[in-house]
Amino acid sequence: MSVWDDLVGQEKVSAQLAAAARDADALVTAAASDAPLPEASKMTHAWLFTGPPGSGRSTAARAFAAALQCVSPDRALGGAPGCGFCDGCHTALVGTHADVEIVRTDLLSIGVKETRDLVRRCQLSPAGGRWQVIVLEDADRLTEGAGNVLLKAVEEPAPRTVWLLCAPSLEDVLPTIRSRCRHLTLRTPSVDAVADVLVRRDGIEPDVAAAAARATQGHIGRARRLATDERARERRAAVLKVPLRVGDIGGCLKAAQELIDAAAEDARQVAEEVDVKETEDLKAALGAGQGGRMPRGTAGVMKELEDRQKRRRTRTQRDSLDLALVDLTGFYRDVLALQLGSRVALANTEVQDAVERMARSTSPESTLRRIEAIVACREALDSNVAPLLAVEAMTVALRAG
């Protein structure tokens with residue numbers, strides 16, 4: 001099993017990365033043996049992976065990082081790097097390799113301070129691996145100041161340092177940064193391909209895997225969660241009932257409040273799992289006395305942790321709410337498909353009766369207006385509009401059609 005096996009439906013991208021990994025291996029080998037460097041190398045110091053949510057951007061970046069660190073003896077016999085079994089591949093994939101830094105954020109943005117720490121790290125030589133690799137999974141969340149800090153590191157790369165940036169689209173990255181990166185575009189994998197990987201890699205029953213892949217329309221991460229998490233299935237079922245509950249203003253406001261409450265509950269559960277442990281660990285590290293009494297001069301550190309946890313709760317709530325809006329869009333997508341006589345398969349077969357009933361009782365124009373209302377709600381949330389106000393405006397628009 002090579003490192004490329006988890007790239008579902010991305011054969012072209014896998015081939016490009018495999019070729020670059022071979023050239024990278026040749027570069028390191030040639031430098032170590034004083035042999036002449038190969039010409040026309042497909043390897044470069046900065047890469048940008050873009051693609052829709054669920055396409056596997058971070059998976060591709062991690063697989064490439066593993067291939068760059070591959071130490072399989074088969075390489076000397078002509079084998080391609082990225083075996084998936086050697087120590088270099090394994091530790092890179094699981095996130096424990098000393099020379100592979102995986103950067104993701106559970107906050108709303110990545111600031112200047114964190115980016116400067118990464119830039120300082122990128123100047124170091126590999127501790128034991130073949131390359132120093134920094135995977136930035138949320139490059140779209142860099143603030144403008146953080147992007148400018150990163151730009152200098154990408155402009156003047158350190159030897160044997162590779163940046164792997166992931167973002168939904170080119171427009172989510174500063175033009176000055178993306179112009180210095182080699183760009184790879186990933187596409188949404190097919191429903192059948194996602195179902196196959198859920199069965200093969202995660203051991204999920206074929207029927208459950210097929211239903212989850214169909215419901216999420218090729219989003220690998222969401223499909224896995226839907227197939228393995230009963231609570232996620234319950235939340236989705238509740239969201240798909242919203243179109244039938246907005247018959248009057250009271251129903252609109254109640255549905256909006258329930259969507260907000262469900263997202264807040266998700267954030268609360270994450271906080272319960274993570275915040276308490278983080279706080280206790282920090283107190284122990286700072287030398288808290290009996291009864292939790294903190295030493296002098298530590299109030300600022302504790303306040304910084306509290307602020308970080310608050311920002312994380314905000315992002316968790318927004319992500320949960322956005323996922324509900326995506327599911328709601330899928331419902332109206334099915335309605336529109338029936339109204340236009342499209343032959344595409346329905347994503348929400350479990351509520352097919354409701355979809356068919358709405359398709360008969362409304363027009364395609366009203367369905368499009370409802371989809372536009374959901375899109376407007378997502379944009380309002382991105383602009384920091386109060387979530388309850390944005391969702392209430394959306395549910396009222398869904399009622400109006």
# chains A, B, ... in the order shown; residues from 1 in each chain; ligands from 1
$ closest_atom_pairs --of "segment 200-296 of chain A" --to "segment 330-343 of chain A" --cutoff "12 Å" --atoms "only C-alpha atoms" --output "tab-separated table"
residue	atom	partner	partner_atom	distance
A:Arg214	CA	A:Gly330	CA	10.7
A:Ala215	CA	A:Gly330	CA	8.3
A:Thr216	CA	A:Gly330	CA	8.5
A:Gln217	CA	A:Gly330	CA	8.8
A:Arg236	CA	A:Phe331	CA	10.9
A:Ala237	CA	A:Phe331	CA	11.0
A:Val239	CA	A:Phe331	CA	9.4
A:Leu240	CA	A:Phe331	CA	6.8
A:Lys241	CA	A:Phe331	CA	9.5
A:Val242	CA	A:Phe331	CA	9.8
A:Pro243	CA	A:Phe331	CA	8.4
A:Leu244	CA	A:Phe331	CA	11.1
$ select_by_dssp --residues "segment 42-223 of chain A" --states "strand (DSSP E)" --output "list in words"
Ala46, Trp47, Leu48, Phe49, Thr50, Val100, Glu101, Ile102, Val103, Gln132, Val133, Ile134, Val135, Leu136, Thr161, Val162, Trp163, Leu164, Leu165, Cys166, Ala167, Arg182, His183, Leu184 and Thr185 of chain A
$ closest_residue --among "A:Ala46, A:Ala20, A:Ala139, A:Val191" --to "Ala167 of chain A" --atoms "only C-alpha atoms"
A:Ala139
$ closest_residue --among "A:Ser72, A:Val8, A:Val103, A:Arg182" --to "Met43 of chain A" --atoms "only C-alpha atoms"
A:Arg182
$ residues_around --residues "Val194 of chain A" --least-positions-apart "5" --cutoff "8 Å" --atoms "only C-alpha atoms" --output "list in words"
Val8, Pro189, Ala213, Gly218, His219, Ile220 and Ala223 of chain A
$ write_last_selection --atoms "all heavy atoms" --output "PDB file, in the first residue's frame"
ATOM      1  N   VAL A   8      -8.239   9.624  -3.280  1.00  0.00           N
ATOM      2  CA  VAL A   8      -9.383   9.038  -3.967  1.00  0.00           C
ATOM      3  C   VAL A   8      -9.728   9.859  -5.207  1.00  0.00           C
ATOM      4  O   VAL A   8     -10.005  11.060  -5.119  1.00  0.00           O
ATOM      5  CB  VAL A   8     -10.600   8.981  -3.021  1.00  0.00           C
ATOM      6  CG1 VAL A   8     -11.779   8.323  -3.720  1.00  0.00           C
ATOM      7  CG2 VAL A   8     -10.244   8.232  -1.752  1.00  0.00           C
ATOM      8  N   PRO A 189     -14.100  13.703  -5.697  1.00  0.00           N
ATOM      9  CA  PRO A 189     -14.137  12.308  -6.167  1.00  0.00           C
ATOM     10  C   PRO A 189     -15.566  11.837  -6.368  1.00  0.00           C
ATOM     11  O   PRO A 189     -16.524  12.404  -5.822  1.00  0.00           O
ATOM     12  CB  PRO A 189     -13.455  11.541  -5.028  1.00  0.00           C
ATOM     13  CG  PRO A 189     -13.617  12.405  -3.832  1.00  0.00           C
ATOM     14  CD  PRO A 189     -13.608  13.821  -4.315  1.00  0.00           C
ATOM     15  N   ALA A 213     -21.705   8.177   1.287  1.00  0.00           N
ATOM     16  CA  ALA A 213     -21.045   8.824   0.143  1.00  0.00           C
ATOM     17  C   ALA A 213     -22.047   9.565  -0.719  1.00  0.00           C
ATOM     18  O   ALA A 213     -21.776  10.670  -1.199  1.00  0.00           O
ATOM     19  CB  ALA A 213     -20.304   7.773  -0.680  1.00  0.00           C
ATOM     20  N   GLY A 218     -19.572  12.990  -2.320  1.00  0.00           N
ATOM     21  CA  GLY A 218     -18.150  12.874  -2.594  1.00  0.00           C
ATOM     22  C   GLY A 218     -17.235  13.539  -1.592  1.00  0.00           C
ATOM     23  O   GLY A 218     -16.025  13.574  -1.810  1.00  0.00           O
ATOM     24  N   HIS A 219     -17.757  14.063  -0.492  1.00  0.00           N
ATOM     25  CA  HIS A 219     -16.919  14.665   0.546  1.00  0.00           C
ATOM     26  C   HIS A 219     -16.428  13.539   1.454  1.00  0.00           C
ATOM     27  O   HIS A 219     -17.190  12.978   2.243  1.00  0.00           O
ATOM     28  CB  HIS A 219     -17.733  15.683   1.343  1.00  0.00           C
ATOM     29  CG  HIS A 219     -16.906  16.548   2.245  1.00  0.00           C
ATOM     30  ND1 HIS A 219     -16.121  16.034   3.253  1.00  0.00           N
ATOM     31  CD2 HIS A 219     -16.733  17.908   2.286  1.00  0.00           C
ATOM     32  CE1 HIS A 219     -15.523  17.033   3.886  1.00  0.00           C
ATOM     33  NE2 HIS A 219     -15.873  18.168   3.308  1.00  0.00           N
ATOM     34  N   ILE A 220     -15.140  13.217   1.366  1.00  0.00           N
ATOM     35  CA  ILE A 220     -14.614  12.030   2.041  1.00  0.00           C
ATOM     36  C   ILE A 220     -14.740  12.132   3.556  1.00  0.00           C
ATOM     37  O   ILE A 220     -15.214  11.208   4.227  1.00  0.00           O
ATOM     38  CB  ILE A 220     -13.152  11.805   1.638  1.00  0.00           C
ATOM     39  CG1 ILE A 220     -13.029  11.652   0.119  1.00  0.00           C
ATOM     40  CG2 ILE A 220     -12.587  10.567   2.330  1.00  0.00           C
ATOM     41  CD1 ILE A 220     -11.604  11.640  -0.382  1.00  0.00           C
ATOM     42  N   ALA A 223     -18.341  12.024   4.735  1.00  0.00           N
ATOM     43  CA  ALA A 223     -18.905  10.692   4.513  1.00  0.00           C
ATOM     44  C   ALA A 223     -18.457   9.728   5.608  1.00  0.00           C
ATOM     45  O   ALA A 223     -19.260   8.937   6.121  1.00  0.00           O
ATOM     46  CB  ALA A 223     -18.494  10.168   3.136  1.00  0.00           C
TER      47      ALA A 223
END
$ closest_residue --among "A:Cys166, A:Ala195, A:Ala359, A:Leu108" --to "Asp382 of chain A" --atoms "only C-alpha atoms"
A:Leu108
$ residues_around --residues "Ala158 of chain A" --least-positions-apart "6" --cutoff "8 Å" --atoms "only C-alpha atoms" --output "JSON, numbers by chain"
{"A": [122, 123, 124]}
$ atom_distance --atom1 "atom CA of Phe85 of chain A" --atom2 "atom CA of Leu17 of chain A"
18.0 Å
$ atom_distance --atom1 "atom CA of Ala63 of chain A" --atom2 "atom CA of Leu226 of chain A"
24.1 Å
$ closest_residue --among "A:Val112, A:Val100, A:Ala238, A:Leu7" --to "Ala60 of chain A" --atoms "only C-alpha atoms"
A:Leu7
$ select_by_dssp --residues "segment 15-260 of chain A" --states "helix (DSSP H, G or I)" --output "number ranges by chain"
A: 15-33, 57-68, 73-77, 87-94, 112-122, 139-141, 144-155, 170-172, 175-178, 191-202, 206-216, 220-228, 230-239, 242-244, 249-260
$ residues_around --residues "Pro53 of chain A" --least-positions-apart "3" --cutoff "10 Å" --atoms "only C-alpha atoms" --output "PyMOL selection string"
chain A and resi 50+56-57+167-169+186-188+218-222
$ residues_around --residues "Ala397 of chain A" --least-positions-apart "3" --cutoff "9 Å" --atoms "only C-alpha atoms" --output "PDB file with N, CA, C and O atoms, in the first residue's frame"
ATOM      1  N   ARG A 369     -34.432  30.505  -5.721  1.00  0.00           N
ATOM      2  CA  ARG A 369     -34.401  31.602  -4.744  1.00  0.00           C
ATOM      3  C   ARG A 369     -34.081  31.069  -3.345  1.00  0.00           C
ATOM      4  O   ARG A 369     -33.384  31.726  -2.569  1.00  0.00           O
ATOM      5  N   ARG A 370     -34.584  29.904  -3.027  1.00  0.00           N
ATOM      6  CA  ARG A 370     -34.286  29.317  -1.715  1.00  0.00           C
ATOM      7  C   ARG A 370     -32.804  28.947  -1.601  1.00  0.00           C
ATOM      8  O   ARG A 370     -32.181  29.138  -0.548  1.00  0.00           O
ATOM      9  N   ALA A 373     -30.933  32.007  -0.967  1.00  0.00           N
ATOM     10  CA  ALA A 373     -31.075  32.467   0.421  1.00  0.00           C
ATOM     11  C   ALA A 373     -30.089  31.747   1.334  1.00  0.00           C
ATOM     12  O   ALA A 373     -29.523  32.352   2.257  1.00  0.00           O
ATOM     13  N   ILE A 374     -29.859  30.465   1.091  1.00  0.00           N
ATOM     14  CA  ILE A 374     -28.891  29.714   1.899  1.00  0.00           C
ATOM     15  C   ILE A 374     -27.483  30.225   1.635  1.00  0.00           C
ATOM     16  O   ILE A 374     -26.677  30.396   2.562  1.00  0.00           O
ATOM     17  N   GLU A 392     -32.296  33.306  10.863  1.00  0.00           N
ATOM     18  CA  GLU A 392     -33.714  33.698  10.854  1.00  0.00           C
ATOM     19  C   GLU A 392     -34.085  34.330   9.501  1.00  0.00           C
ATOM     20  O   GLU A 392     -35.153  34.020   8.943  1.00  0.00           O
ATOM     21  N   ALA A 393     -33.215  35.184   8.986  1.00  0.00           N
ATOM     22  CA  ALA A 393     -33.479  35.788   7.675  1.00  0.00           C
ATOM     23  C   ALA A 393     -33.551  34.716   6.599  1.00  0.00           C
ATOM     24  O   ALA A 393     -34.394  34.778   5.685  1.00  0.00           O
ATOM     25  N   MET A 394     -32.722  33.703   6.711  1.00  0.00           N
ATOM     26  CA  MET A 394     -32.733  32.620   5.731  1.00  0.00           C
ATOM     27  C   MET A 394     -34.015  31.808   5.811  1.00  0.00           C
ATOM     28  O   MET A 394     -34.649  31.524   4.777  1.00  0.00           O
ATOM     29  N   ALA A 400     -40.828  32.183   2.058  1.00  0.00           N
ATOM     30  CA  ALA A 400     -41.353  33.011   0.966  1.00  0.00           C
ATOM     31  C   ALA A 400     -41.148  32.380  -0.406  1.00  0.00           C
ATOM     32  O   ALA A 400     -41.982  32.473  -1.289  1.00  0.00           O
ATOM     33  N   GLY A 401     -40.015  31.708  -0.571  1.00  0.00           N
ATOM     34  CA  GLY A 401     -39.729  31.033  -1.829  1.00  0.00           C
ATOM     35  C   GLY A 401     -39.476  31.988  -2.977  1.00  0.00           C
ATOM     36  O   GLY A 401     -39.194  33.150  -2.817  1.00  0.00           O
TER      37      GLY A 401
END
$ closest_residue --among "A:Ala211, A:Leu259, A:Gly147, A:Leu107" --to "Thr349 of chain A" --atoms "only C-alpha atoms"
A:Ala211
$ residues_around --residues "segment 302-310 of chain A" --least-positions-apart "2" --cutoff "9 Å" --atoms "only C-alpha atoms" --output "PyMOL selection string"
chain A and resi 107+271+274-275+278-279+282-283+298-300+312-315
$ write_last_selection --atoms "all heavy atoms" --output "short mmCIF file (atom, residue, chain, number, x, y, z; two decimals), in the first residue's frame"
data_model
loop_
_atom_site.label_atom_id
_atom_site.label_comp_id
_atom_site.auth_asym_id
_atom_site.auth_seq_id
_atom_site.Cartn_x
_atom_site.Cartn_y
_atom_site.Cartn_z
N LEU A 107 -8.97 27.71 15.12
CA LEU A 107 -9.42 29.08 15.35
C LEU A 107 -9.92 29.67 14.04
O LEU A 107 -9.92 29.02 12.99
CB LEU A 107 -8.29 29.93 15.91
CG LEU A 107 -7.61 29.37 17.19
CD1 LEU A 107 -6.49 30.31 17.63
CD2 LEU A 107 -8.62 29.18 18.29
N ALA A 271 -15.68 21.67 23.56
CA ALA A 271 -15.04 22.38 24.66
C ALA A 271 -14.88 21.46 25.87
O ALA A 271 -13.84 21.48 26.55
CB ALA A 271 -15.86 23.61 25.04
N VAL A 274 -11.90 19.10 25.27
CA VAL A 274 -10.55 19.65 25.07
C VAL A 274 -10.18 20.71 26.10
O VAL A 274 -9.07 20.71 26.64
CB VAL A 274 -10.44 20.25 23.65
CG1 VAL A 274 -9.05 20.83 23.42
CG2 VAL A 274 -10.75 19.18 22.59
N ASP A 275 -11.10 21.63 26.40
CA ASP A 275 -10.75 22.80 27.20
C ASP A 275 -10.27 22.44 28.61
O ASP A 275 -9.29 23.00 29.11
CB ASP A 275 -11.94 23.75 27.30
CG ASP A 275 -12.21 24.47 25.98
OD1 ASP A 275 -11.51 24.15 25.00
OD2 ASP A 275 -13.11 25.33 25.94
N GLU A 278 -6.77 21.02 28.54
CA GLU A 278 -5.80 22.07 28.22
C GLU A 278 -5.52 22.95 29.44
O GLU A 278 -4.38 23.29 29.75
CB GLU A 278 -6.32 22.94 27.07
CG GLU A 278 -6.05 22.40 25.69
CD GLU A 278 -6.46 23.38 24.62
OE1 GLU A 278 -7.16 24.36 24.94
OE2 GLU A 278 -6.09 23.17 23.46
N THR A 279 -6.60 23.34 30.13
CA THR A 279 -6.45 24.23 31.29
C THR A 279 -5.68 23.55 32.41
O THR A 279 -4.77 24.15 33.00
CB THR A 279 -7.84 24.65 31.79
OG1 THR A 279 -8.55 25.31 30.72
CG2 THR A 279 -7.71 25.62 32.96
N LEU A 282 -1.97 23.24 31.50
CA LEU A 282 -1.25 24.51 31.61
C LEU A 282 -1.02 24.89 33.06
O LEU A 282 0.06 25.37 33.43
CB LEU A 282 -2.02 25.62 30.89
CG LEU A 282 -1.35 26.99 30.87
CD1 LEU A 282 0.03 26.91 30.21
CD2 LEU A 282 -2.22 28.01 30.14
N LYS A 283 -2.02 24.66 33.90
CA LYS A 283 -1.85 24.97 35.32
C LYS A 283 -0.72 24.14 35.93
O LYS A 283 0.09 24.65 36.70
CB LYS A 283 -3.16 24.72 36.07
CG LYS A 283 -4.24 25.77 35.83
CD LYS A 283 -5.47 25.47 36.65
CE LYS A 283 -6.52 26.55 36.48
NZ LYS A 283 -7.75 26.25 37.27
N THR A 298 1.28 34.70 36.16
CA THR A 298 0.76 33.72 35.19
C THR A 298 -0.64 34.08 34.71
O THR A 298 -1.20 33.36 33.87
CB THR A 298 0.73 32.32 35.83
OG1 THR A 298 -0.11 32.35 37.00
CG2 THR A 298 2.12 31.87 36.22
N ALA A 299 -1.20 35.17 35.20
CA ALA A 299 -2.57 35.52 34.81
C ALA A 299 -2.67 35.78 33.31
O ALA A 299 -3.66 35.41 32.66
CB ALA A 299 -3.04 36.74 35.59
N GLY A 300 -1.64 36.41 32.74
CA GLY A 300 -1.68 36.71 31.31
C GLY A 300 -1.67 35.46 30.46
O GLY A 300 -2.36 35.39 29.43
N ARG A 312 -11.87 29.18 19.51
CA ARG A 312 -12.10 27.84 18.99
C ARG A 312 -13.57 27.45 19.08
O ARG A 312 -14.12 26.85 18.16
CB ARG A 312 -11.25 26.83 19.76
CG ARG A 312 -11.42 25.40 19.24
CD ARG A 312 -10.38 24.48 19.81
NE ARG A 312 -10.43 24.44 21.26
CZ ARG A 312 -9.40 24.16 22.04
NH1 ARG A 312 -8.22 23.91 21.52
NH2 ARG A 312 -9.54 24.14 23.35
N ARG A 313 -14.24 27.81 20.17
CA ARG A 313 -15.67 27.53 20.28
C ARG A 313 -16.45 28.25 19.19
O ARG A 313 -17.40 27.71 18.63
CB ARG A 313 -16.18 27.91 21.67
CG ARG A 313 -15.77 26.96 22.77
CD ARG A 313 -16.56 27.21 24.04
NE ARG A 313 -16.23 28.49 24.64
CZ ARG A 313 -15.25 28.68 25.53
NH1 ARG A 313 -14.50 27.65 25.89
NH2 ARG A 313 -15.02 29.87 26.04
N THR A 314 -16.04 29.48 18.91
CA THR A 314 -16.72 30.24 17.86
C THR A 314 -16.56 29.57 16.51
O THR A 314 -17.53 29.43 15.75
CB THR A 314 -16.16 31.68 17.79
OG1 THR A 314 -16.37 32.33 19.05
CG2 THR A 314 -16.85 32.47 16.69
N ARG A 315 -15.35 29.13 16.20
CA ARG A 315 -15.15 28.46 14.91
C ARG A 315 -15.90 27.13 14.86
O ARG A 315 -16.49 26.79 13.84
CB ARG A 315 -13.66 28.21 14.65
CG ARG A 315 -13.49 27.44 13.35
CD ARG A 315 -12.09 27.20 12.91
NE ARG A 315 -12.11 26.33 11.73
CZ ARG A 315 -11.03 25.88 11.13
NH1 ARG A 315 -9.84 26.22 11.55
NH2 ARG A 315 -11.14 25.11 10.07
#
$ closest_residue --among "A:Ala354, A:Val270, A:Ala380, A:Ala92" --to "Asp322 of chain A" --atoms "only C-alpha atoms"
A:Ala380
$ decode --residues "segment 168-275 of chain A" --atoms "C-alpha atoms" --output "PDB file, in the first residue's frame"
ATOM      1  CA  PRO A 168     -10.133  25.848  -1.297  1.00  0.00           C
ATOM      2  CA  SER A 169      -9.217  28.049  -4.277  1.00  0.00           C
ATOM      3  CA  LEU A 170      -6.473  30.250  -5.698  1.00  0.00           C
ATOM      4  CA  GLU A 171      -8.417  33.351  -4.680  1.00  0.00           C
ATOM      5  CA  ASP A 172      -8.092  32.362  -1.015  1.00  0.00           C
ATOM      6  CA  VAL A 173      -4.308  32.882  -1.125  1.00  0.00           C
ATOM      7  CA  LEU A 174      -2.399  36.128  -1.626  1.00  0.00           C
ATOM      8  CA  PRO A 175      -1.467  36.588  -5.317  1.00  0.00           C
ATOM      9  CA  THR A 176       2.161  37.145  -4.355  1.00  0.00           C
ATOM     10  CA  ILE A 177       2.271  33.770  -2.587  1.00  0.00           C
ATOM     11  CA  ARG A 178       0.404  31.703  -5.158  1.00  0.00           C
ATOM     12  CA  SER A 179       2.576  33.079  -7.959  1.00  0.00           C
ATOM     13  CA  ARG A 180       5.581  31.473  -6.265  1.00  0.00           C
ATOM     14  CA  CYS A 181       3.976  28.063  -5.761  1.00  0.00           C
ATOM     15  CA  ARG A 182       3.396  25.151  -8.103  1.00  0.00           C
ATOM     16  CA  HIS A 183      -0.369  24.762  -8.272  1.00  0.00           C
ATOM     17  CA  LEU A 184      -2.247  21.448  -8.182  1.00  0.00           C
ATOM     18  CA  THR A 185      -6.044  21.310  -8.461  1.00  0.00           C
ATOM     19  CA  LEU A 186      -7.958  18.433  -6.919  1.00  0.00           C
ATOM     20  CA  ARG A 187     -11.485  17.527  -7.940  1.00  0.00           C
ATOM     21  CA  THR A 188     -14.399  16.110  -5.998  1.00  0.00           C
ATOM     22  CA  PRO A 189     -14.137  12.308  -6.167  1.00  0.00           C
ATOM     23  CA  SER A 190     -17.058  10.258  -7.429  1.00  0.00           C
ATOM     24  CA  VAL A 191     -19.618   8.836  -5.011  1.00  0.00           C
ATOM     25  CA  ASP A 192     -18.597   5.286  -5.935  1.00  0.00           C
ATOM     26  CA  ALA A 193     -14.908   6.031  -5.280  1.00  0.00           C
ATOM     27  CA  VAL A 194     -15.684   7.441  -1.826  1.00  0.00           C
ATOM     28  CA  ALA A 195     -17.877   4.471  -0.946  1.00  0.00           C
ATOM     29  CA  ASP A 196     -15.136   2.104  -2.058  1.00  0.00           C
ATOM     30  CA  VAL A 197     -12.481   3.730   0.148  1.00  0.00           C
ATOM     31  CA  LEU A 198     -14.827   3.709   3.155  1.00  0.00           C
ATOM     32  CA  VAL A 199     -15.310  -0.037   2.732  1.00  0.00           C
ATOM     33  CA  ARG A 200     -11.688  -0.825   1.912  1.00  0.00           C
ATOM     34  CA  ARG A 201      -9.883   1.390   4.397  1.00  0.00           C
ATOM     35  CA  ASP A 202     -12.376   1.913   7.234  1.00  0.00           C
ATOM     36  CA  GLY A 203     -14.183  -1.416   7.193  1.00  0.00           C
ATOM     37  CA  ILE A 204     -17.629   0.158   6.864  1.00  0.00           C
ATOM     38  CA  GLU A 205     -20.504  -1.948   5.588  1.00  0.00           C
ATOM     39  CA  PRO A 206     -21.070  -1.410   1.831  1.00  0.00           C
ATOM     40  CA  ASP A 207     -24.689  -0.251   2.205  1.00  0.00           C
ATOM     41  CA  VAL A 208     -23.798   2.258   4.923  1.00  0.00           C
ATOM     42  CA  ALA A 209     -20.764   3.473   2.977  1.00  0.00           C
ATOM     43  CA  ALA A 210     -22.802   3.951  -0.198  1.00  0.00           C
ATOM     44  CA  ALA A 211     -25.512   5.895   1.648  1.00  0.00           C
ATOM     45  CA  ALA A 212     -22.966   8.161   3.370  1.00  0.00           C
ATOM     46  CA  ALA A 213     -21.045   8.824   0.143  1.00  0.00           C
ATOM     47  CA  ARG A 214     -24.251   9.621  -1.718  1.00  0.00           C
ATOM     48  CA  ALA A 215     -25.513  11.924   1.036  1.00  0.00           C
ATOM     49  CA  THR A 216     -22.283  13.936   1.135  1.00  0.00           C
ATOM     50  CA  GLN A 217     -21.786  13.946  -2.657  1.00  0.00           C
ATOM     51  CA  GLY A 218     -18.150  12.874  -2.594  1.00  0.00           C
ATOM     52  CA  HIS A 219     -16.919  14.665   0.546  1.00  0.00           C
ATOM     53  CA  ILE A 220     -14.614  12.030   2.041  1.00  0.00           C
ATOM     54  CA  GLY A 221     -14.319  13.391   5.575  1.00  0.00           C
ATOM     55  CA  ARG A 222     -18.032  14.066   5.991  1.00  0.00           C
ATOM     56  CA  ALA A 223     -18.905  10.692   4.513  1.00  0.00           C
ATOM     57  CA  ARG A 224     -16.691   8.910   7.036  1.00  0.00           C
ATOM     58  CA  ARG A 225     -18.196  10.864   9.918  1.00  0.00           C
ATOM     59  CA  LEU A 226     -21.741  10.250   8.717  1.00  0.00           C
ATOM     60  CA  ALA A 227     -21.066   6.531   8.383  1.00  0.00           C
ATOM     61  CA  THR A 228     -19.496   6.168  11.829  1.00  0.00           C
ATOM     62  CA  ASP A 229     -21.222   8.776  14.039  1.00  0.00           C
ATOM     63  CA  GLU A 230     -24.833   8.242  15.048  1.00  0.00           C
ATOM     64  CA  ARG A 231     -25.088  11.771  16.391  1.00  0.00           C
ATOM     65  CA  ALA A 232     -24.053  13.192  13.005  1.00  0.00           C
ATOM     66  CA  ARG A 233     -26.810  11.195  11.313  1.00  0.00           C
ATOM     67  CA  GLU A 234     -29.369  12.496  13.801  1.00  0.00           C
ATOM     68  CA  ARG A 235     -28.278  16.107  13.255  1.00  0.00           C
ATOM     69  CA  ARG A 236     -28.513  15.702   9.508  1.00  0.00           C
ATOM     70  CA  ALA A 237     -31.972  14.159   9.730  1.00  0.00           C
ATOM     71  CA  ALA A 238     -33.127  17.161  11.783  1.00  0.00           C
ATOM     72  CA  VAL A 239     -31.730  19.609   9.226  1.00  0.00           C
ATOM     73  CA  LEU A 240     -33.511  17.876   6.353  1.00  0.00           C
ATOM     74  CA  LYS A 241     -36.841  18.466   8.124  1.00  0.00           C
ATOM     75  CA  VAL A 242     -36.382  22.245   8.114  1.00  0.00           C
ATOM     76  CA  PRO A 243     -37.937  22.814   4.635  1.00  0.00           C
ATOM     77  CA  LEU A 244     -41.177  21.267   5.892  1.00  0.00           C
ATOM     78  CA  ARG A 245     -41.252  23.350   9.078  1.00  0.00           C
ATOM     79  CA  VAL A 246     -41.171  26.873   7.650  1.00  0.00           C
ATOM     80  CA  GLY A 247     -44.861  27.132   6.805  1.00  0.00           C
ATOM     81  CA  ASP A 248     -45.382  30.138   9.095  1.00  0.00           C
ATOM     82  CA  ILE A 249     -43.262  32.778  10.803  1.00  0.00           C
ATOM     83  CA  GLY A 250     -43.337  30.935  14.106  1.00  0.00           C
ATOM     84  CA  GLY A 251     -42.004  27.794  12.451  1.00  0.00           C
ATOM     85  CA  CYS A 252     -39.263  29.816  10.728  1.00  0.00           C
ATOM     86  CA  LEU A 253     -38.033  31.349  13.984  1.00  0.00           C
ATOM     87  CA  LYS A 254     -38.199  28.045  15.848  1.00  0.00           C
ATOM     88  CA  ALA A 255     -36.281  26.197  13.104  1.00  0.00           C
ATOM     89  CA  ALA A 256     -33.620  28.929  13.097  1.00  0.00           C
ATOM     90  CA  GLN A 257     -33.204  28.750  16.854  1.00  0.00           C
ATOM     91  CA  GLU A 258     -32.864  24.962  16.761  1.00  0.00           C
ATOM     92  CA  LEU A 259     -30.140  25.171  14.109  1.00  0.00           C
ATOM     93  CA  ILE A 260     -28.230  27.661  16.260  1.00  0.00           C
ATOM     94  CA  ASP A 261     -28.731  25.574  19.390  1.00  0.00           C
ATOM     95  CA  ALA A 262     -27.473  22.413  17.659  1.00  0.00           C
ATOM     96  CA  ALA A 263     -24.317  24.220  16.492  1.00  0.00           C
ATOM     97  CA  ALA A 264     -23.782  25.621  19.991  1.00  0.00           C
ATOM     98  CA  GLU A 265     -24.152  22.135  21.458  1.00  0.00           C
ATOM     99  CA  ASP A 266     -21.454  20.847  19.105  1.00  0.00           C
ATOM    100  CA  ALA A 267     -19.148  23.631  20.274  1.00  0.00           C
ATOM    101  CA  ARG A 268     -19.946  22.864  23.914  1.00  0.00           C
ATOM    102  CA  GLN A 269     -19.154  19.176  23.498  1.00  0.00           C
ATOM    103  CA  VAL A 270     -15.818  19.941  21.850  1.00  0.00           C
ATOM    104  CA  ALA A 271     -15.037  22.378  24.663  1.00  0.00           C
ATOM    105  CA  GLU A 272     -15.813  19.745  27.286  1.00  0.00           C
ATOM    106  CA  GLU A 273     -13.479  17.286  25.607  1.00  0.00           C
ATOM    107  CA  VAL A 274     -10.553  19.653  25.067  1.00  0.00           C
ATOM    108  CA  ASP A 275     -10.748  22.800  27.203  1.00  0.00           C
TER     109      ASP A 275
END
